[in-house]
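**Student:** Got a structure for you, query36.txt, holding compact mmCIF, C-alpha atoms.
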```
# COMPACT_ATOMS: atom_id res chain seq x y z
CA MET C 11 64.91 98.35 -55.27
CA THR C 12 65.52 101.51 -53.30
CA GLU C 13 64.58 105.08 -54.14
CA PRO C 14 66.90 107.74 -52.72
CA ASN C 15 66.10 111.44 -52.47
CA ASP C 16 67.57 112.25 -55.88
CA GLY C 17 64.62 110.78 -57.75
CA VAL C 18 66.18 107.63 -59.18
CA VAL C 19 65.50 104.00 -58.36
CA ILE C 20 68.43 101.70 -57.64
CA GLY C 21 67.89 98.30 -59.25
CA GLU C 22 69.14 94.96 -58.06
CA ASP C 23 72.02 95.42 -60.51
CA GLY C 24 73.11 98.52 -58.58
CA LEU C 25 72.27 100.90 -61.45
CA ALA C 26 70.18 104.04 -61.00
CA ARG C 27 67.22 104.66 -63.29
CA PRO C 28 64.04 106.76 -63.20
CA ALA C 29 61.08 104.93 -61.73
CA TRP C 30 59.34 104.65 -65.12
CA ALA C 31 62.25 102.53 -66.37
CA ALA C 32 62.64 100.28 -63.34
CA ASP C 33 61.36 97.00 -64.78
CA GLY C 34 60.88 94.82 -67.82
CA LEU C 35 60.59 96.09 -71.35
CA LEU C 36 60.82 99.75 -70.32
CA ARG C 37 64.05 99.07 -68.45
CA GLU C 38 65.61 97.39 -71.49
CA TYR C 39 64.44 100.26 -73.70
CA TYR C 40 65.84 102.85 -71.30
CA ASP C 41 69.19 101.09 -70.98
CA THR C 42 69.73 100.50 -74.69
CA GLU C 43 67.70 102.99 -76.73
CA TRP C 44 66.11 105.96 -74.99
CA GLY C 45 68.18 109.08 -75.51
CA MET C 46 70.62 107.51 -77.97
CA PRO C 47 71.09 109.69 -81.07
CA ILE C 48 69.10 108.65 -84.12
CA ARG C 49 70.33 110.34 -87.27
CA ASP C 50 68.91 108.21 -90.07
CA GLU C 51 65.72 108.90 -91.99
CA ARG C 52 64.04 105.55 -91.41
CA GLY C 53 64.84 105.57 -87.72
CA LEU C 54 63.46 109.06 -87.22
CA PHE C 55 60.36 108.30 -89.27
CA GLU C 56 59.69 105.23 -87.14
CA ARG C 57 60.04 107.22 -83.91
CA ILE C 58 57.76 110.00 -85.17
CA ALA C 59 55.18 107.40 -86.15
CA LEU C 60 55.37 105.50 -82.86
CA GLU C 61 55.29 108.67 -80.76
CA GLY C 62 52.15 109.63 -82.66
CA PHE C 63 50.53 106.27 -81.99
CA GLN C 64 51.50 106.57 -78.32
CA ALA C 65 49.53 109.78 -77.79
CA GLY C 66 46.96 109.05 -75.08
CA LEU C 67 48.44 105.62 -74.33
CA SER C 68 51.45 104.23 -72.48
CA TRP C 69 54.85 103.84 -74.09
CA ALA C 70 54.98 100.28 -72.74
CA THR C 71 51.96 99.47 -74.93
CA VAL C 72 53.76 100.83 -77.99
CA LEU C 73 56.94 98.88 -77.21
CA ARG C 74 55.01 95.62 -76.85
CA LYS C 75 53.40 96.24 -80.23
CA ARG C 76 56.51 97.54 -82.00
CA PRO C 77 57.33 94.24 -83.77
CA ALA C 78 53.79 94.18 -85.22
CA PHE C 79 54.05 97.85 -86.16
CA ARG C 80 57.30 97.18 -87.99
CA ALA C 81 55.77 94.24 -89.84
CA GLY C 82 52.63 96.16 -90.74
CA PHE C 83 54.43 99.31 -91.84
CA ALA C 84 57.19 97.72 -93.96
CA ASP C 85 59.81 98.28 -91.25
CA PHE C 86 58.96 101.99 -91.51
CA ASP C 87 60.63 102.40 -94.89
CA PRO C 88 59.22 105.82 -95.84
CA ASP C 89 59.07 104.98 -99.57
CA ALA C 90 57.17 101.76 -98.94
CA VAL C 91 54.74 103.39 -96.52
CA ALA C 92 54.21 106.35 -98.85
CA ALA C 93 52.94 103.89 -101.46
CA PHE C 94 50.27 102.45 -99.13
CA ASP C 95 46.69 102.75 -100.37
CA GLU C 96 43.21 102.30 -98.93
CA GLY C 97 43.67 98.54 -99.01
CA ASP C 98 46.68 98.90 -96.75
CA VAL C 99 44.68 101.09 -94.39
CA GLU C 100 42.02 98.38 -94.13
CA ARG C 101 44.71 95.71 -93.69
CA LEU C 102 46.20 97.68 -90.79
CA MET C 103 42.78 98.34 -89.27
CA ALA C 104 42.30 94.56 -89.15
CA ASP C 105 45.70 93.95 -87.51
CA ALA C 106 45.13 93.28 -83.81
CA GLY C 107 48.87 93.47 -83.21
CA ILE C 108 48.99 97.26 -83.63
CA ILE C 109 47.05 100.22 -82.26
CA ARG C 110 44.12 100.37 -84.65
CA ASN C 111 43.38 104.05 -85.02
CA ARG C 112 42.42 105.04 -88.55
CA GLN C 113 43.46 108.68 -88.18
CA LYS C 114 46.90 107.70 -86.90
CA ILE C 115 47.34 105.06 -89.61
CA GLU C 116 46.41 107.53 -92.32
CA ALA C 117 48.63 110.18 -90.72
CA THR C 118 51.60 107.79 -90.78
CA ILE C 119 51.11 107.21 -94.51
CA GLY C 120 50.79 110.95 -95.09
CA ASN C 121 53.86 111.59 -92.97
CA ALA C 122 55.85 109.13 -95.10
CA ARG C 123 54.95 111.21 -98.15
CA ALA C 124 55.99 114.35 -96.28
CA VAL C 125 59.35 112.68 -95.54
CA GLN C 126 59.79 112.13 -99.27
CA ASP C 127 58.98 115.77 -99.99
CA LEU C 128 61.56 116.92 -97.43
CA ARG C 129 64.40 115.24 -99.32
CA ALA C 130 64.49 118.13 -101.77
CA ASP C 131 65.09 120.53 -98.88
CA GLY C 132 67.74 118.87 -96.73
CA GLY C 133 65.77 115.91 -95.47
CA LEU C 134 64.03 114.84 -92.27
CA VAL C 135 67.18 114.30 -90.22
CA ASP C 136 68.62 117.75 -90.82
CA LEU C 137 65.26 119.37 -90.17
CA VAL C 138 64.57 117.59 -86.88
CA TRP C 139 68.10 117.98 -85.53
CA SER C 140 68.14 121.69 -86.44
CA PHE C 141 65.84 122.19 -83.43
CA ARG C 142 68.42 120.91 -80.95
CA PRO C 143 68.66 123.47 -78.12
CA GLU C 144 71.90 125.20 -77.20
CA ARG C 145 72.01 123.46 -73.83
CA THR C 146 70.45 120.35 -72.35
CA PRO C 147 68.37 120.20 -69.15
CA ALA C 148 69.85 118.68 -66.00
CA PRO C 149 66.85 117.31 -64.08
CA ARG C 150 67.33 115.66 -60.69
CA THR C 151 63.73 114.42 -60.37
CA MET C 152 60.97 113.55 -62.79
CA ALA C 153 59.10 116.64 -61.56
CA GLU C 154 61.84 118.74 -63.16
CA VAL C 155 61.48 117.08 -66.58
CA ALA C 156 59.61 119.32 -68.99
CA ALA C 157 56.66 118.21 -71.14
CA THR C 158 57.41 120.71 -73.90
CA SER C 159 60.08 123.24 -74.78
CA PRO C 160 60.31 126.25 -77.09
CA GLU C 161 62.20 124.01 -79.51
CA SER C 162 59.53 121.28 -79.47
CA VAL C 163 56.84 123.90 -80.11
CA ALA C 164 58.84 125.24 -83.05
CA LEU C 165 59.56 121.75 -84.40
CA SER C 166 55.89 120.84 -84.18
CA LYS C 167 54.92 124.00 -86.04
CA GLU C 168 57.47 123.39 -88.79
CA LEU C 169 56.55 119.73 -89.27
CA ARG C 170 52.88 120.64 -89.48
CA ARG C 171 53.77 123.28 -92.07
CA ARG C 172 55.52 120.51 -94.01
CA GLY C 173 52.40 118.33 -93.98
CA PHE C 174 52.98 116.11 -90.92
CA ARG C 175 50.19 115.14 -88.53
CA PHE C 176 50.15 113.91 -84.90
CA VAL C 177 53.29 115.92 -84.21
CA GLY C 178 52.11 118.19 -81.37
CA PRO C 179 54.62 119.96 -79.08
CA THR C 180 54.39 117.35 -76.31
CA THR C 181 54.79 114.49 -78.77
CA MET C 182 57.76 116.25 -80.34
CA TYR C 183 59.40 116.82 -76.96
CA ALA C 184 59.05 113.09 -76.26
CA LEU C 185 60.68 112.49 -79.64
CA MET C 186 63.53 114.87 -78.81
CA GLN C 187 64.12 112.99 -75.56
CA ALA C 188 63.96 109.59 -77.23
CA VAL C 189 66.37 110.35 -80.08
CA GLY C 190 68.99 112.20 -78.06
CA ILE C 191 68.27 115.79 -79.10
CA VAL C 192 67.91 116.62 -75.41
CA ASP C 193 69.40 114.66 -72.50
CA ASP C 194 66.61 114.33 -69.96
CA HIS C 195 68.23 111.44 -68.10
CA LEU C 196 68.11 112.30 -64.42
CA VAL C 197 71.42 113.65 -63.14
CA ASP C 198 72.13 110.55 -61.05
CA SER C 199 70.93 108.00 -63.61
CA HIS C 200 73.55 105.62 -64.95
CA ARG C 201 72.61 106.79 -68.45
CA ARG C 202 73.16 110.52 -67.88
CA GLY C 203 75.55 111.82 -70.54
CA SER C 204 75.80 108.43 -72.25
CA SER C 205 74.54 109.60 -75.63
CA GLY C 206 77.78 111.37 -76.43
CA VAL C 207 75.87 114.35 -77.81
CA TRP C 208 76.23 116.55 -74.76
CA ALA C 209 79.38 117.28 -72.81
CA GLU C 210 78.83 116.99 -69.08
```
Can the structure from this file be put into structure tokens for me?
**Tutor:**
Amino acid sequence: MTEPNDGVVIGEDGLARPAWAADGLLREYYDTEWGMPIRDERGLFERIALEGFQAGLSWATVLRKRPAFRAGFADFDPDAVAAFDEGDVERLMADAGIIRNRQKIEATIGNARAVQDLRADGGLVDLVWSFRPERTPAPRTMAEVAATSPESVALSKELRRRGFRFVGPTTMYALMQAVGIVDDHLVDSHRRGSSGVWAE
């Protein structure tokens, strides 16, 4: 691989990616998922949950454990997770396949109930996507990629007001990147503009 001055890494396939997505599972995730628009309730709930579990850890760790997370959390069906009880919390705490953090497990269950409550007021998808900024960034290097934005701060505040937990501004900016609300693909990455949400 080679790394030119524009901040991307050129893989053996000739495609340019940021260094964090150069190899393995992260490369597959970057090429096929990261930044693609997610506009369904279950999909957004899953991403909010996984971003919350990722806090303080690496995203690669979360991706490796995602199949176990999906099995343990009923494929992130909000109605199923909202019905979880203390027995389910203990079951998940005993599951070595996931990140066993009681506060995050309990928050995910509580967040599922908050998703249900949102349905009477437009729903999770409309709420999250209402914080899409008027324009997308155009970073050339990873140093130019923000950690938060005014929109992620506002989204975090609104979700907390609605009863969500583990939805801080940095976590919500990572969510916005992951689900295509902002296009933080580096300018020279082969994925820049591929989501179809933003006109280049």
**Student:** For each of C:Ile58, C:Ala84, C:Ala157, C:Ala130, take the minimum atom-to-atom distance to Thr118 in chain C, counting all atoms listed in the file, then give the residue where this is smallest.
**Tutor:**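 Looking only at the distances to Thr118 in chain C, the closest residue turns out to be C:Ile58.
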**Student:** Could you state the separation of CA of Arg110 in chain C and CA of Trp44 in chain C in Å, given to one decimal place?
**Tutor:**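 These two atoms are separated by 24.7 Å.
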**Student:** Could you tell me which of C:Phe86, C:Trp139, C:Trp30, C:Phe55 comes closest to Gly190 in chain C if we count all atoms listed in the file?
**Tutor:**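 Of C:Phe86, C:Trp139, C:Trp30, C:Phe55, the one nearest Gly190 in chain C is C:Trp139, counting all atoms listed in the file.
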**Student:** Quick one, how far is CA of Gly203 in chain C from CA of Thr146 in chain C?
**Tutor:**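 Calculated distance between CA of Gly203 in chain C and CA of Thr146 in chain C is 10.1 Å.
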**Student:** Record the distance separating CA of Thr180 in chain C and CA of Arg150 in chain C, expressed in Å with one decimal.
**Tutor:**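 Separating CA of Thr180 in chain C from CA of Arg150 in chain C is a distance of 20.4 Å.
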**Student:** For Ala59 in chain C, work out the shell of residues within 10 Å, counting all atoms listed in the file and skipping chain neighbours fewer than 3 positions away, then give it as a ChimeraX atom specification.
**Tutor:** /C:53-56,62-64,79,83,86,114-115,117-119,121-122,175-177,185
**Student:** Go through C:Val135, C:Ala31, C:Leu73, C:Ala78 and flag the residue nearest Ala106 in chain C, using only C-alpha atoms for the distances.
**Tutor:**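 Residue with the minimum atom-to-atom distance to Ala106 in chain C: C:Ala78.
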**Student:** Taking only C-alpha atoms into account, name the residue in C:Ala104, C:Ala93, C:Ala124, C:Ala164 that is nearest to Pro179 in chain C.
**Tutor:**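 Residue with the minimum atom-to-atom distance to Pro179 in chain C: C:Ala164.
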